[in-house]
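Novice: File follows, input_39.pdb with PDB, C-alpha atoms and all ligand atoms:
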```pdb
MODEL        1
ATOM      1  CA  MET A   1       5.594  -9.904 -52.720
ATOM      2  CA  PRO A   2       7.846 -12.425 -54.572
ATOM      3  CA  PRO A   3       8.900 -15.341 -52.341
ATOM      4  CA  SER A   4      12.591 -14.293 -52.405
ATOM      5  CA  LEU A   5      11.739 -10.744 -51.257
ATOM      6  CA  LYS A   6       9.396 -12.085 -48.632
ATOM      7  CA  HIS A   7      12.189 -14.340 -47.369
ATOM      8  CA  LEU A   8      14.625 -11.394 -47.340
ATOM      9  CA  SER A   9      12.175  -9.207 -45.422
ATOM     10  CA  ILE A  10      11.663 -11.933 -42.811
ATOM     11  CA  CYS A  11      15.448 -12.261 -42.429
ATOM     12  CA  LEU A  12      15.819  -8.497 -42.039
ATOM     13  CA  LEU A  13      13.025  -8.443 -39.516
ATOM     14  CA  LEU A  14      14.731 -11.159 -37.479
ATOM     15  CA  LEU A  15      18.021  -9.283 -37.598
ATOM     16  CA  LEU A  16      16.514  -5.964 -36.607
ATOM     17  CA  THR A  17      14.185  -7.220 -33.896
ATOM     18  CA  PRO A  18      15.841  -6.487 -30.576
ATOM     19  CA  ASP A  19      16.601  -9.515 -28.455
ATOM     20  CA  ILE A  20      14.017  -9.326 -25.718
ATOM     21  CA  SER A  21      15.322 -12.337 -23.837
ATOM     22  CA  VAL A  22      16.825 -11.355 -20.501
ATOM     23  CA  ALA A  23      20.313 -12.493 -19.604
ATOM     24  CA  GLU A  24      20.321 -14.696 -16.523
ATOM     25  CA  GLN A  25      23.472 -14.883 -14.479
ATOM     26  CA  SER A  26      24.399 -17.789 -12.317
ATOM     27  CA  LEU A  27      23.880 -17.048  -8.654
ATOM     28  CA  ALA A  28      27.073 -17.134  -6.612
ATOM     29  CA  ILE A  29      26.640 -18.935  -3.296
ATOM     30  CA  GLY A  30      29.534 -18.315  -0.918
ATOM     31  CA  LYS A  31      30.714 -20.353   2.031
ATOM     32  CA  GLY A  32      28.644 -19.997   5.174
ATOM     33  CA  GLU A  33      25.754 -17.983   3.728
ATOM     34  CA  ARG A  34      22.766 -17.311   5.979
ATOM     35  CA  LEU A  35      19.694 -17.861   3.810
ATOM     36  CA  LEU A  36      16.264 -16.649   4.877
ATOM     37  CA  VAL A  37      13.313 -17.888   2.806
ATOM     38  CA  LEU A  38       9.999 -16.119   3.369
ATOM     39  CA  ALA A  39       6.905 -17.987   2.201
ATOM     40  CA  PRO A  40       3.264 -16.853   2.190
ATOM     41  CA  HIS A  41       1.912 -20.412   2.332
ATOM     42  CA  PRO A  42       3.185 -23.881   3.199
ATOM     43  CA  ASP A  43       4.874 -25.199  -0.017
ATOM     44  CA  ASP A  44       6.047 -21.845  -1.429
ATOM     45  CA  GLU A  45       9.478 -22.227   0.169
ATOM     46  CA  SER A  46       9.994 -25.581  -1.573
ATOM     47  CA  LEU A  47       8.489 -24.493  -4.880
ATOM     48  CA  SER A  48      10.715 -21.429  -5.041
ATOM     49  CA  ALA A  49      13.936 -22.396  -3.350
ATOM     50  CA  ALA A  50      14.321 -26.092  -2.510
ATOM     51  CA  GLY A  51      17.466 -26.231  -4.662
ATOM     52  CA  LEU A  52      18.896 -22.990  -3.276
ATOM     53  CA  ILE A  53      18.253 -24.242   0.271
ATOM     54  CA  GLN A  54      20.177 -27.457  -0.405
ATOM     55  CA  GLN A  55      23.101 -25.618  -1.999
ATOM     56  CA  VAL A  56      23.442 -23.158   0.883
ATOM     57  CA  LEU A  57      23.441 -26.043   3.391
ATOM     58  CA  GLN A  58      25.944 -28.012   1.306
ATOM     59  CA  ASN A  59      28.211 -24.928   1.276
ATOM     60  CA  GLY A  60      28.309 -24.804   5.057
ATOM     61  CA  GLY A  61      25.600 -22.174   5.389
ATOM     62  CA  THR A  62      22.452 -21.968   7.485
ATOM     63  CA  VAL A  63      18.823 -21.812   6.390
ATOM     64  CA  ARG A  64      15.817 -20.294   8.080
ATOM     65  CA  SER A  65      12.418 -20.715   6.477
ATOM     66  CA  SER A  66       9.494 -18.610   7.701
ATOM     67  CA  VAL A  67       6.017 -19.564   6.510
ATOM     68  CA  VAL A  68       3.569 -16.786   7.298
ATOM     69  CA  THR A  69       0.111 -18.320   6.828
ATOM     70  CA  ALA A  70      -1.348 -21.786   7.311
ATOM     71  CA  GLY A  71      -2.894 -21.776   3.828
ATOM     72  CA  ASP A  72      -6.221 -22.568   5.462
ATOM     73  CA  ALA A  73      -8.593 -20.865   3.016
ATOM     74  CA  TYR A  74      -8.034 -22.935  -0.103
ATOM     75  CA  VAL A  75     -11.738 -23.661  -0.412
ATOM     76  CA  GLY A  76     -11.588 -26.358  -3.124
ATOM     77  CA  ALA A  77      -8.885 -28.250  -1.271
ATOM     78  CA  VAL A  78     -10.775 -28.039   2.038
ATOM     79  CA  MET A  79     -13.921 -29.379   0.328
ATOM     80  CA  LEU A  80     -11.872 -32.254  -1.046
ATOM     81  CA  ASP A  81     -10.145 -32.868   2.263
ATOM     82  CA  SER A  82     -13.280 -32.730   4.408
ATOM     83  CA  GLY A  83     -15.605 -34.335   1.888
ATOM     84  CA  LYS A  84     -18.104 -31.527   2.574
ATOM     85  CA  ARG A  85     -19.692 -29.132   0.157
ATOM     86  CA  ASN A  86     -19.854 -26.486   2.876
ATOM     87  CA  PRO A  87     -16.886 -26.952   5.187
ATOM     88  CA  SER A  88     -17.181 -25.570   8.732
ATOM     89  CA  THR A  89     -14.718 -23.308  10.511
ATOM     90  CA  ALA A  90     -13.411 -26.458  12.242
ATOM     91  CA  ASP A  91     -12.724 -28.016   8.837
ATOM     92  CA  TYR A  92     -10.714 -24.975   7.756
ATOM     93  CA  LEU A  93      -8.728 -25.075  11.007
ATOM     94  CA  ASP A  94      -8.133 -28.792  10.637
ATOM     95  CA  PHE A  95      -6.897 -28.206   7.097
ATOM     96  CA  GLY A  96      -4.551 -25.453   8.331
ATOM     97  CA  GLU A  97      -3.070 -27.818  10.932
ATOM     98  CA  LYS A  98      -2.489 -30.387   8.206
ATOM     99  CA  ARG A  99      -0.686 -27.908   5.971
ATOM    100  CA  LEU A 100       1.554 -26.770   8.849
ATOM    101  CA  GLU A 101       2.421 -30.389   9.537
ATOM    102  CA  GLU A 102       3.202 -30.918   5.849
ATOM    103  CA  SER A 103       5.584 -27.968   6.070
ATOM    104  CA  ARG A 104       7.378 -29.550   9.002
ATOM    105  CA  ARG A 105       7.835 -32.812   7.142
ATOM    106  CA  ALA A 106       9.044 -31.092   3.957
ATOM    107  CA  ALA A 107      11.591 -28.997   5.894
ATOM    108  CA  GLN A 108      12.814 -32.042   7.774
ATOM    109  CA  LEU A 109      13.380 -33.860   4.506
ATOM    110  CA  LEU A 110      14.916 -30.928   2.660
ATOM    111  CA  GLY A 111      17.342 -29.889   5.369
ATOM    112  CA  ASN A 112      17.814 -33.217   7.137
ATOM    113  CA  GLY A 113      16.808 -31.465  10.359
ATOM    114  CA  PHE A 114      19.008 -28.396   9.807
ATOM    115  CA  ILE A 115      16.404 -25.909   8.605
ATOM    116  CA  HIS A 116      15.224 -23.426  11.247
ATOM    117  CA  LEU A 117      11.507 -23.416  10.458
ATOM    118  CA  ASP A 118       9.066 -20.740  11.643
ATOM    119  CA  LEU A 119       5.383 -21.458  11.151
ATOM    120  CA  LEU A 120       3.787 -18.121  12.018
ATOM    121  CA  GLY A 121       0.258 -19.480  11.525
ATOM    122  CA  PHE A 122      -1.540 -16.406  10.169
ATOM    123  CA  SER A 123      -4.806 -16.896   8.287
ATOM    124  CA  ASP A 124      -4.653 -17.508   4.583
ATOM    125  CA  GLY A 125      -5.493 -14.242   2.831
ATOM    126  CA  SER A 126      -4.473 -12.087   5.773
ATOM    127  CA  ILE A 127      -1.180 -10.743   4.416
ATOM    128  CA  TYR A 128      -2.473  -8.378   1.787
ATOM    129  CA  SER A 129      -5.402  -7.359   4.006
ATOM    130  CA  ALA A 130      -3.007  -6.578   6.844
ATOM    131  CA  LEU A 131      -0.979  -4.383   4.523
ATOM    132  CA  ILE A 132      -3.859  -2.499   2.971
ATOM    133  CA  SER A 133      -6.752  -2.356   5.417
ATOM    134  CA  HIS A 134      -5.829  -3.950   8.758
ATOM    135  CA  TRP A 135      -2.599  -2.287   9.780
ATOM    136  CA  ARG A 136      -3.398  -1.524  13.419
ATOM    137  CA  ARG A 137      -3.662  -4.032  16.225
ATOM    138  CA  ASN A 138      -7.069  -2.709  17.272
ATOM    139  CA  GLN A 139      -8.529  -3.677  13.906
ATOM    140  CA  PRO A 140      -6.991  -7.038  12.965
ATOM    141  CA  MET A 141      -8.111  -9.040   9.951
ATOM    142  CA  ARG A 142     -10.705 -11.692  10.800
ATOM    143  CA  SER A 143     -10.726 -14.737   8.521
ATOM    144  CA  GLU A 144     -14.145 -15.483   7.092
ATOM    145  CA  TYR A 145     -13.088 -19.133   6.922
ATOM    146  CA  THR A 146     -11.659 -19.913  10.352
ATOM    147  CA  GLY A 147     -13.487 -17.086  12.150
ATOM    148  CA  PHE A 148     -10.305 -15.994  13.945
ATOM    149  CA  ASP A 149      -8.754 -12.536  14.017
ATOM    150  CA  HIS A 150      -5.636 -13.836  15.703
ATOM    151  CA  VAL A 151      -3.352 -16.821  15.131
ATOM    152  CA  PRO A 152      -5.323 -19.894  16.285
ATOM    153  CA  TYR A 153      -2.895 -22.769  15.724
ATOM    154  CA  ARG A 154      -1.600 -24.543  18.798
ATOM    155  CA  GLU A 155       1.869 -25.147  17.453
ATOM    156  CA  ALA A 156       2.287 -21.918  15.508
ATOM    157  CA  GLU A 157       5.101 -19.577  16.557
ATOM    158  CA  ASP A 158       2.710 -16.670  16.803
ATOM    159  CA  ARG A 159      -0.262 -18.308  18.512
ATOM    160  CA  GLY A 160      -2.543 -15.592  19.866
ATOM    161  CA  LEU A 161      -0.948 -12.776  17.873
ATOM    162  CA  ALA A 162      -3.399 -10.343  16.281
ATOM    163  CA  GLN A 163      -3.524 -10.502  12.497
ATOM    164  CA  ASP A 164      -2.562  -6.942  11.678
ATOM    165  CA  GLY A 165       0.091  -5.295   9.550
ATOM    166  CA  GLN A 166       2.152  -3.718  12.312
ATOM    167  CA  ASP A 167       2.469  -7.003  14.210
ATOM    168  CA  LEU A 168       3.440  -8.943  11.084
ATOM    169  CA  LEU A 169       6.034  -6.309  10.206
ATOM    170  CA  ASN A 170       7.437  -6.497  13.738
ATOM    171  CA  GLU A 171       7.682 -10.290  13.432
ATOM    172  CA  LEU A 172       9.580 -10.080  10.156
ATOM    173  CA  VAL A 173      11.980  -7.428  11.490
ATOM    174  CA  ALA A 174      12.628  -9.611  14.551
ATOM    175  CA  ILE A 175      13.422 -12.560  12.265
ATOM    176  CA  LEU A 176      15.836 -10.404  10.242
ATOM    177  CA  ARG A 177      17.517  -9.096  13.413
ATOM    178  CA  ASP A 178      17.949 -12.610  14.717
ATOM    179  CA  THR A 179      19.058 -14.223  11.453
ATOM    180  CA  LYS A 180      21.199 -11.448   9.896
ATOM    181  CA  PRO A 181      20.665 -13.068   6.506
ATOM    182  CA  THR A 182      23.156 -12.759   3.662
ATOM    183  CA  ILE A 183      20.529 -13.969   1.167
ATOM    184  CA  ILE A 184      16.782 -13.358   1.378
ATOM    185  CA  ALA A 185      14.415 -15.219  -0.950
ATOM    186  CA  PHE A 186      10.930 -13.719  -0.932
ATOM    187  CA  PRO A 187       7.924 -13.355  -3.245
ATOM    188  CA  ASP A 188       8.048 -10.771  -6.001
ATOM    189  CA  VAL A 189       5.697  -7.809  -5.461
ATOM    190  CA  MET A 190       4.442  -8.465  -8.997
ATOM    191  CA  GLU A 191       3.109 -11.917  -8.041
ATOM    192  CA  ASN A 192      -0.346 -12.777  -9.333
ATOM    193  CA  ASP A 193      -1.635 -13.660  -5.861
ATOM    194  CA  SER A 194      -2.485 -11.192  -3.136
ATOM    195  CA  ASP A 195      -0.700 -12.913  -0.209
ATOM    196  CA  HIS A 196       2.404 -13.388  -2.329
ATOM    197  CA  ALA A 197       2.537  -9.777  -3.527
ATOM    198  CA  GLY A 198       1.688  -8.595  -0.004
ATOM    199  CA  LEU A 199       4.547 -10.555   1.559
ATOM    200  CA  GLY A 200       6.850  -9.128  -1.112
ATOM    201  CA  MET A 201       5.938  -5.651   0.115
ATOM    202  CA  PHE A 202       6.214  -6.603   3.791
ATOM    203  CA  THR A 203       9.683  -8.018   3.101
ATOM    204  CA  LEU A 204      10.912  -4.796   1.516
ATOM    205  CA  LEU A 205       9.451  -2.760   4.405
ATOM    206  CA  ALA A 206      11.031  -5.075   6.990
ATOM    207  CA  VAL A 207      14.440  -5.065   5.277
ATOM    208  CA  HIS A 208      14.310  -1.282   5.158
ATOM    209  CA  GLN A 209      13.529  -1.040   8.872
ATOM    210  CA  TRP A 210      16.185  -3.630   9.785
ATOM    211  CA  LEU A 211      18.895  -1.838   7.807
ATOM    212  CA  LEU A 212      17.910   1.518   9.333
ATOM    213  CA  GLU A 213      18.495   0.218  12.863
ATOM    214  CA  THR A 214      21.674  -1.669  11.925
ATOM    215  CA  PRO A 215      24.941   0.163  12.574
ATOM    216  CA  THR A 216      26.851   1.225   9.469
ATOM    217  CA  PRO A 217      28.228  -0.183   7.300
ATOM    218  CA  HIS A 218      24.917  -1.843   6.526
ATOM    219  CA  PRO A 219      24.938  -5.495   5.572
ATOM    220  CA  GLN A 220      23.963  -5.950   1.944
ATOM    221  CA  PRO A 221      21.981  -9.152   1.700
ATOM    222  CA  LYS A 222      21.216 -10.476  -1.747
ATOM    223  CA  LEU A 223      17.503  -9.869  -2.335
ATOM    224  CA  LEU A 224      16.072 -12.663  -4.484
ATOM    225  CA  ALA A 225      12.475 -12.176  -5.577
ATOM    226  CA  TYR A 226      10.834 -15.403  -6.679
ATOM    227  CA  LEU A 227       7.729 -15.899  -8.787
ATOM    228  CA  ILE A 228       5.126 -18.609  -8.214
ATOM    229  CA  HIS A 229       1.891 -17.210  -9.653
ATOM    230  CA  TRP A 230       1.755 -15.562 -13.048
ATOM    231  CA  GLN A 231      -0.537 -15.324 -16.027
ATOM    232  CA  HIS A 232      -0.855 -17.265 -19.293
ATOM    233  CA  GLY A 233      -0.316 -20.649 -17.680
ATOM    234  CA  TRP A 234       3.263 -19.942 -16.567
ATOM    235  CA  PRO A 235       5.238 -22.033 -16.014
ATOM    236  CA  THR A 236       4.411 -24.413 -18.835
ATOM    237  CA  GLY A 237       2.466 -27.399 -17.600
ATOM    238  CA  SER A 238       1.239 -25.736 -14.426
ATOM    239  CA  ASN A 239      -2.394 -25.890 -15.601
ATOM    240  CA  TRP A 240      -2.359 -29.025 -17.731
ATOM    241  CA  GLY A 241      -4.510 -30.956 -15.297
ATOM    242  CA  ILE A 242      -2.008 -33.787 -14.976
ATOM    243  CA  ALA A 243       1.453 -33.749 -13.426
ATOM    244  CA  GLN A 244       4.309 -34.028 -15.906
ATOM    245  CA  ASP A 245       8.050 -34.433 -15.468
ATOM    246  CA  TRP A 246       9.747 -31.128 -16.370
ATOM    247  CA  SER A 247      12.970 -31.844 -14.535
ATOM    248  CA  ASP A 248      15.164 -31.820 -17.645
ATOM    249  CA  GLN A 249      14.104 -28.259 -18.441
ATOM    250  CA  PRO A 250      15.175 -25.008 -16.778
ATOM    251  CA  LEU A 251      12.767 -22.602 -15.131
ATOM    252  CA  VAL A 252      12.624 -19.528 -17.337
ATOM    253  CA  LEU A 253      11.039 -16.446 -15.809
ATOM    254  CA  PRO A 254       8.257 -15.114 -18.061
ATOM    255  CA  ALA A 255       9.228 -12.594 -20.720
ATOM    256  CA  ASP A 256       6.347 -10.325 -19.688
ATOM    257  CA  LEU A 257       7.537 -10.058 -16.080
ATOM    258  CA  PRO A 258       8.881  -6.480 -15.985
ATOM    259  CA  LEU A 259      12.608  -6.374 -15.249
ATOM    260  CA  ARG A 260      12.318  -2.988 -13.502
ATOM    261  CA  GLY A 261      16.034  -2.293 -13.814
ATOM    262  CA  HIS A 262      16.976  -5.422 -11.883
ATOM    263  CA  SER A 263      18.808  -8.498 -13.136
ATOM    264  CA  ARG A 264      18.021 -12.204 -13.020
ATOM    265  CA  ALA A 265      19.998 -14.957 -11.387
ATOM    266  CA  CYS A 266      19.565 -18.723 -11.363
ATOM    267  CA  VAL A 267      20.898 -21.761  -9.593
ATOM    268  CA  ASN A 268      21.269 -25.033 -11.491
ATOM    269  CA  LEU A 269      20.133 -28.112  -9.604
ATOM    270  CA  SER A 270      21.947 -31.442  -9.680
ATOM    271  CA  PRO A 271      19.861 -34.577 -10.312
ATOM    272  CA  ALA A 272      20.036 -35.383  -6.572
ATOM    273  CA  GLN A 273      18.852 -31.876  -5.656
ATOM    274  CA  ILE A 274      15.976 -32.175  -8.131
ATOM    275  CA  ASP A 275      14.989 -35.508  -6.582
ATOM    276  CA  LEU A 276      14.977 -34.035  -3.086
ATOM    277  CA  LYS A 277      12.917 -31.041  -4.223
ATOM    278  CA  ARG A 278      10.392 -33.463  -5.734
ATOM    279  CA  ALA A 279      10.352 -35.481  -2.518
ATOM    280  CA  ALA A 280       9.838 -32.366  -0.348
ATOM    281  CA  LEU A 281       6.911 -31.283  -2.511
ATOM    282  CA  ALA A 282       5.459 -34.796  -2.289
ATOM    283  CA  GLU A 283       5.025 -34.166   1.452
ATOM    284  CA  TYR A 284       2.369 -31.575   0.610
ATOM    285  CA  LYS A 285      -0.276 -34.209   0.101
ATOM    286  CA  THR A 286      -3.226 -31.829   0.446
ATOM    287  CA  GLN A 287      -1.762 -29.784  -2.431
ATOM    288  CA  GLN A 288      -0.641 -32.696  -4.587
ATOM    289  CA  ARG A 289      -4.209 -33.980  -4.520
ATOM    290  CA  ILE A 290      -5.653 -30.836  -6.095
ATOM    291  CA  MET A 291      -2.775 -29.223  -7.997
ATOM    292  CA  GLY A 292      -0.137 -31.832  -8.700
ATOM    293  CA  ASP A 293       0.338 -30.357 -12.175
ATOM    294  CA  PHE A 294       1.184 -26.983 -10.664
ATOM    295  CA  LEU A 295       3.677 -28.339  -8.142
ATOM    296  CA  SER A 296       5.463 -30.551 -10.676
ATOM    297  CA  ALA A 297       5.870 -27.613 -13.084
ATOM    298  CA  PHE A 298       8.388 -26.131 -10.601
ATOM    299  CA  VAL A 299      10.507 -29.271 -10.330
ATOM    300  CA  ARG A 300      13.024 -28.217 -12.969
ATOM    301  CA  SER A 301      16.737 -28.148 -13.555
ATOM    302  CA  SER A 302      17.035 -24.573 -12.253
ATOM    303  CA  GLU A 303      15.481 -21.979  -9.948
ATOM    304  CA  CYS A 304      15.498 -18.390 -11.136
ATOM    305  CA  PHE A 305      15.031 -15.148  -9.278
ATOM    306  CA  THR A 306      14.878 -11.440  -9.891
ATOM    307  CA  LEU A 307      17.983 -10.098  -8.178
ATOM    308  CA  LEU A 308      17.225  -6.702  -6.705
ATOM    309  CA  LYS A 309      19.993  -4.159  -6.518
ATOM    310  CA  PRO A 310      21.588  -4.176  -3.056
ATOM    311  CA  ASN A 311      20.175  -0.844  -1.971
ATOM    312  CA  ASP A 312      16.598  -1.533  -3.079
ATOM    313  CA  GLY A 313      15.559  -2.543   0.392
ATOM    314  CA  ASN A 314      17.080   0.622   1.731
ATOM    315  CA  ARG A 315      15.159   3.107  -0.364
ATOM    316  CA  ILE A 316      11.786   3.719   1.146
ATOM    317  CA  GLU A 317      10.659   5.858  -1.799
ATOM    318  CA  GLN A 318      11.066   2.885  -4.108
ATOM    319  CA  VAL A 319       9.272   0.583  -1.675
ATOM    320  CA  LEU A 320       6.363   3.004  -1.437
ATOM    321  CA  ALA A 321       6.281   3.455  -5.211
ATOM    322  CA  GLN A 322       6.055  -0.318  -5.598
ATOM    323  CA  LEU A 323       3.323  -0.436  -2.966
ATOM    324  CA  ARG A 324       1.300   2.121  -4.901
ATOM    325  CA  GLN A 325       1.785   0.095  -8.078
ATOM    326  CA  VAL A 326       0.672  -3.105  -6.399
ATOM    327  CA  ARG A 327      -2.372  -1.438  -4.861
ATOM    328  CA  LYS A 328      -3.389  -0.028  -8.220
ATOM    329  CA  THR A 329      -3.025  -3.402  -9.899
ATOM    330  CA  PHE A 330      -5.015  -5.178  -7.221
ATOM    331  CA  ASP A 331      -7.701  -2.534  -7.142
ATOM    332  CA  ASN A 332      -8.249  -3.290 -10.801
ATOM    333  CA  HIS A 333      -8.361  -7.068 -10.317
ATOM    334  CA  PRO A 334      -9.352  -7.644  -6.719
ATOM    335  CA  LEU A 335     -10.852 -11.098  -6.985
ATOM    336  CA  SER A 336      -9.476 -12.821 -10.056
ATOM    337  CA  ARG A 337      -5.937 -12.423  -8.755
ATOM    338  CA  ARG A 338      -6.680 -14.126  -5.469
ATOM    339  CA  LYS A 339      -5.855 -17.765  -6.009
ATOM    340  CA  ILE A 340      -4.324 -19.720  -3.190
TER     341      ILE A 340
HETATM  342 ZN    ZN A 401       1.380 -19.551  -2.065
ENDMDL
END
```
Please re-express this file's structure in structure tokens.

Specialist:
Amino acid sequence: MPPSLKHLSICLLLLLTPDISVAEQSLAIGKGERLLVLAPHPDDESLSAAGLIQQVLQNGGTVRSSVVTAGDAYVGAVMLDSGKRNPSTADYLDFGEKRLEESRRAAQLLGNGFIHLDLLGFSDGSIYSALISHWRRNQPMRSEYTGFDHVPYREAEDRGLAQDGQDLLNELVAILRDTKPTIIAFPDVMENDSDHAGLGMFTLLAVHQWLLETPTPHPQPKLLAYLIHWQHGWPTGSNWGIAQDWSDQPLVLPADLPLRGHSRACVNLSPAQIDLKRAALAEYKTQQRIMGDFLSAFVRSSECFTLLKPNDGNRIEQVLAQLRQVRKTFDNHPLSRRKI
């Protein structure tokens, strides 16, 4: 093909190729919002929503942050922390205590004492198991790392609670009842990590149950699904092996994350909010030691979410359809998807 024709065909191709980028709206934060952030592990609340948390507080709102597990089964990090090639159950428990304490310090810093923090203290890895195979209280999930089938941590909110799906769902519904959130930030069901995807499903189930028992007209909280774990090294720099400064760049949700008929919404962080997000994440010393590159890849000039349509939490058919989709995906990749 002559160069001029080749050039023309490339131009035509560019013109005709549909724009696959997804429009991202700016997230409106009203006065006096009640934000609930649900996190599978200590650090997920800061990675996903440290900027949103600050903006809600600065707008006269309240923030509750509920961290479901102690993140106690991150084997590589426990080996590093304990200095043992084969850590004992006591080492895993000790590591869990440390991560819970890191969460306390990060919340204190981020909210200057104004964040209502719940550390439920479930075992790492228990969320998806509780959803899929340990729903009933008489068959709770026993952690192969800590050896416990109930919450073992002294200072956890749920100490002694069995690690089963029904009890976790009850806990989340109780938190919703108590908080009456106007914004809920929670992990996307498409997350590339089983606890994250599992908590995404639990959130939708809990919101559905809460709205069912709430007198009409139902509140319509904004449902913000966040993404922490994805494929192909997203976000850029998260697997570079060395922490970089990405704070002058926005967080762009991956193009191959299905939109599913929803929209996307972002908050832009001021330099001071970025600094405080970085400082909160610095409190997670056990994580910085082993995945500083990953944590720093989320310290950016924006935080972006998939904004579910208001009635999504109120349509059980859709929730169940998503559950089936998640189960199918995980059945195909049961181990490689389990990361943290
Ligand atoms: Zn996590």

Novice: List all protein, DNA and RNA residues that have any atom at most 7 Å from ligand ZN 401 (chain A), counting all atoms listed in the file, and write the list as a tab-separated table (two decimals) with C-alpha atoms, in the coordinates of the input.

Specialist:
```tsv
chain	number	residue	atom	x	y	z
A	40	PRO	CA	3.26	-16.85	2.19
A	41	HIS	CA	1.91	-20.41	2.33
A	43	ASP	CA	4.87	-25.20	-0.02
A	44	ASP	CA	6.05	-21.84	-1.43
A	196	HIS	CA	2.40	-13.39	-2.33
A	340	ILE	CA	-4.32	-19.72	-3.19
```

Novice: Around segment 179-198 of chain A, fit a box with edges along x, y and z, padding it by 8 Å on each side, then list its centre and edge lengths in Å to one decimal as JSON.

Specialist:
```
{"center_x": 10.3, "center_y": -11.5, "center_z": 1.1, "size_x": 41.6, "size_y": 23.4, "size_z": 36.8}
```

Novice: For segment 64-115 of chain A versus segment 170-188 of chain A, which residues have an atom no more than 12 Å away, and what is each residue's nearest atom pair and distance in Å rounded to one decimal, using all atoms listed in the file, chain-then-number order, as a Markdown table?

Specialist:
```
| residue | atom | partner | partner_atom | distance |
| --- | --- | --- | --- | --- |
| A:Arg64 | CA | A:Thr179 | CA | 7.7 |
| A:Ser65 | CA | A:Ala185 | CA | 9.5 |
| A:Ser66 | CA | A:Ile175 | CA | 8.5 |
| A:Val67 | CA | A:Phe186 | CA | 10.7 |
| A:Val68 | CA | A:Leu172 | CA | 9.4 |
```

Novice: Near Trp234 of chain A, within 9 Å and counting all atoms listed in the file, which residues show up once chain neighbours fewer than 6 positions away are dropped, as a ChimeraX atom specification?

Specialist: /A:228,253-254,297

Novice: Hey, which bits of segment 87-130 of chain A sit within 8 Å of segment 276-292 of chain A, and for each residue what's the closest pair of atoms and how far apart in Å (one decimal), counting all atoms listed in the file, rows by chain and increasing number, as a Markdown table?

Specialist:
```
| residue | atom | partner | partner_atom | distance |
| --- | --- | --- | --- | --- |
| A:Lys98 | CA | A:Thr286 | CA | 7.9 |
| A:Arg99 | CA | A:Tyr284 | CA | 7.2 |
| A:Glu102 | CA | A:Tyr284 | CA | 5.3 |
| A:Ser103 | CA | A:Tyr284 | CA | 7.3 |
| A:Arg105 | CA | A:Glu283 | CA | 6.5 |
| A:Ala106 | CA | A:Ala280 | CA | 4.6 |
| A:Ala107 | CA | A:Ala280 | CA | 7.3 |
| A:Leu109 | CA | A:Ala280 | CA | 6.2 |
| A:Leu110 | CA | A:Ala280 | CA | 6.1 |
```

Novice: Taking 3 positions as the minimum chain separation for residues in the same chain, which residues sit within 8 Å of Glu157 of chain A when counting all atoms listed in the file? Answer as a ChimeraX atom specification.

Specialist: /A:118-121

Novice: So which one's closest to Val267 of chain A, A:Gln55, A:Glu191, A:Glu33, A:Leu80? Using all atoms listed in the file, please.

Specialist: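 Among A:Gln55, A:Glu191, A:Glu33, A:Leu80, it is A:Gln55 that comes nearest to Val267 of chain A.
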
Novice: Near segment 143-153 of chain A, within 8 Å and counting all atoms listed in the file, which residues show up once chain neighbours fewer than 4 positions away are dropped, as a PyMOL selection string?

Specialist: chain A and resi 72-73+88-90+92-93+97+120-126+158-163
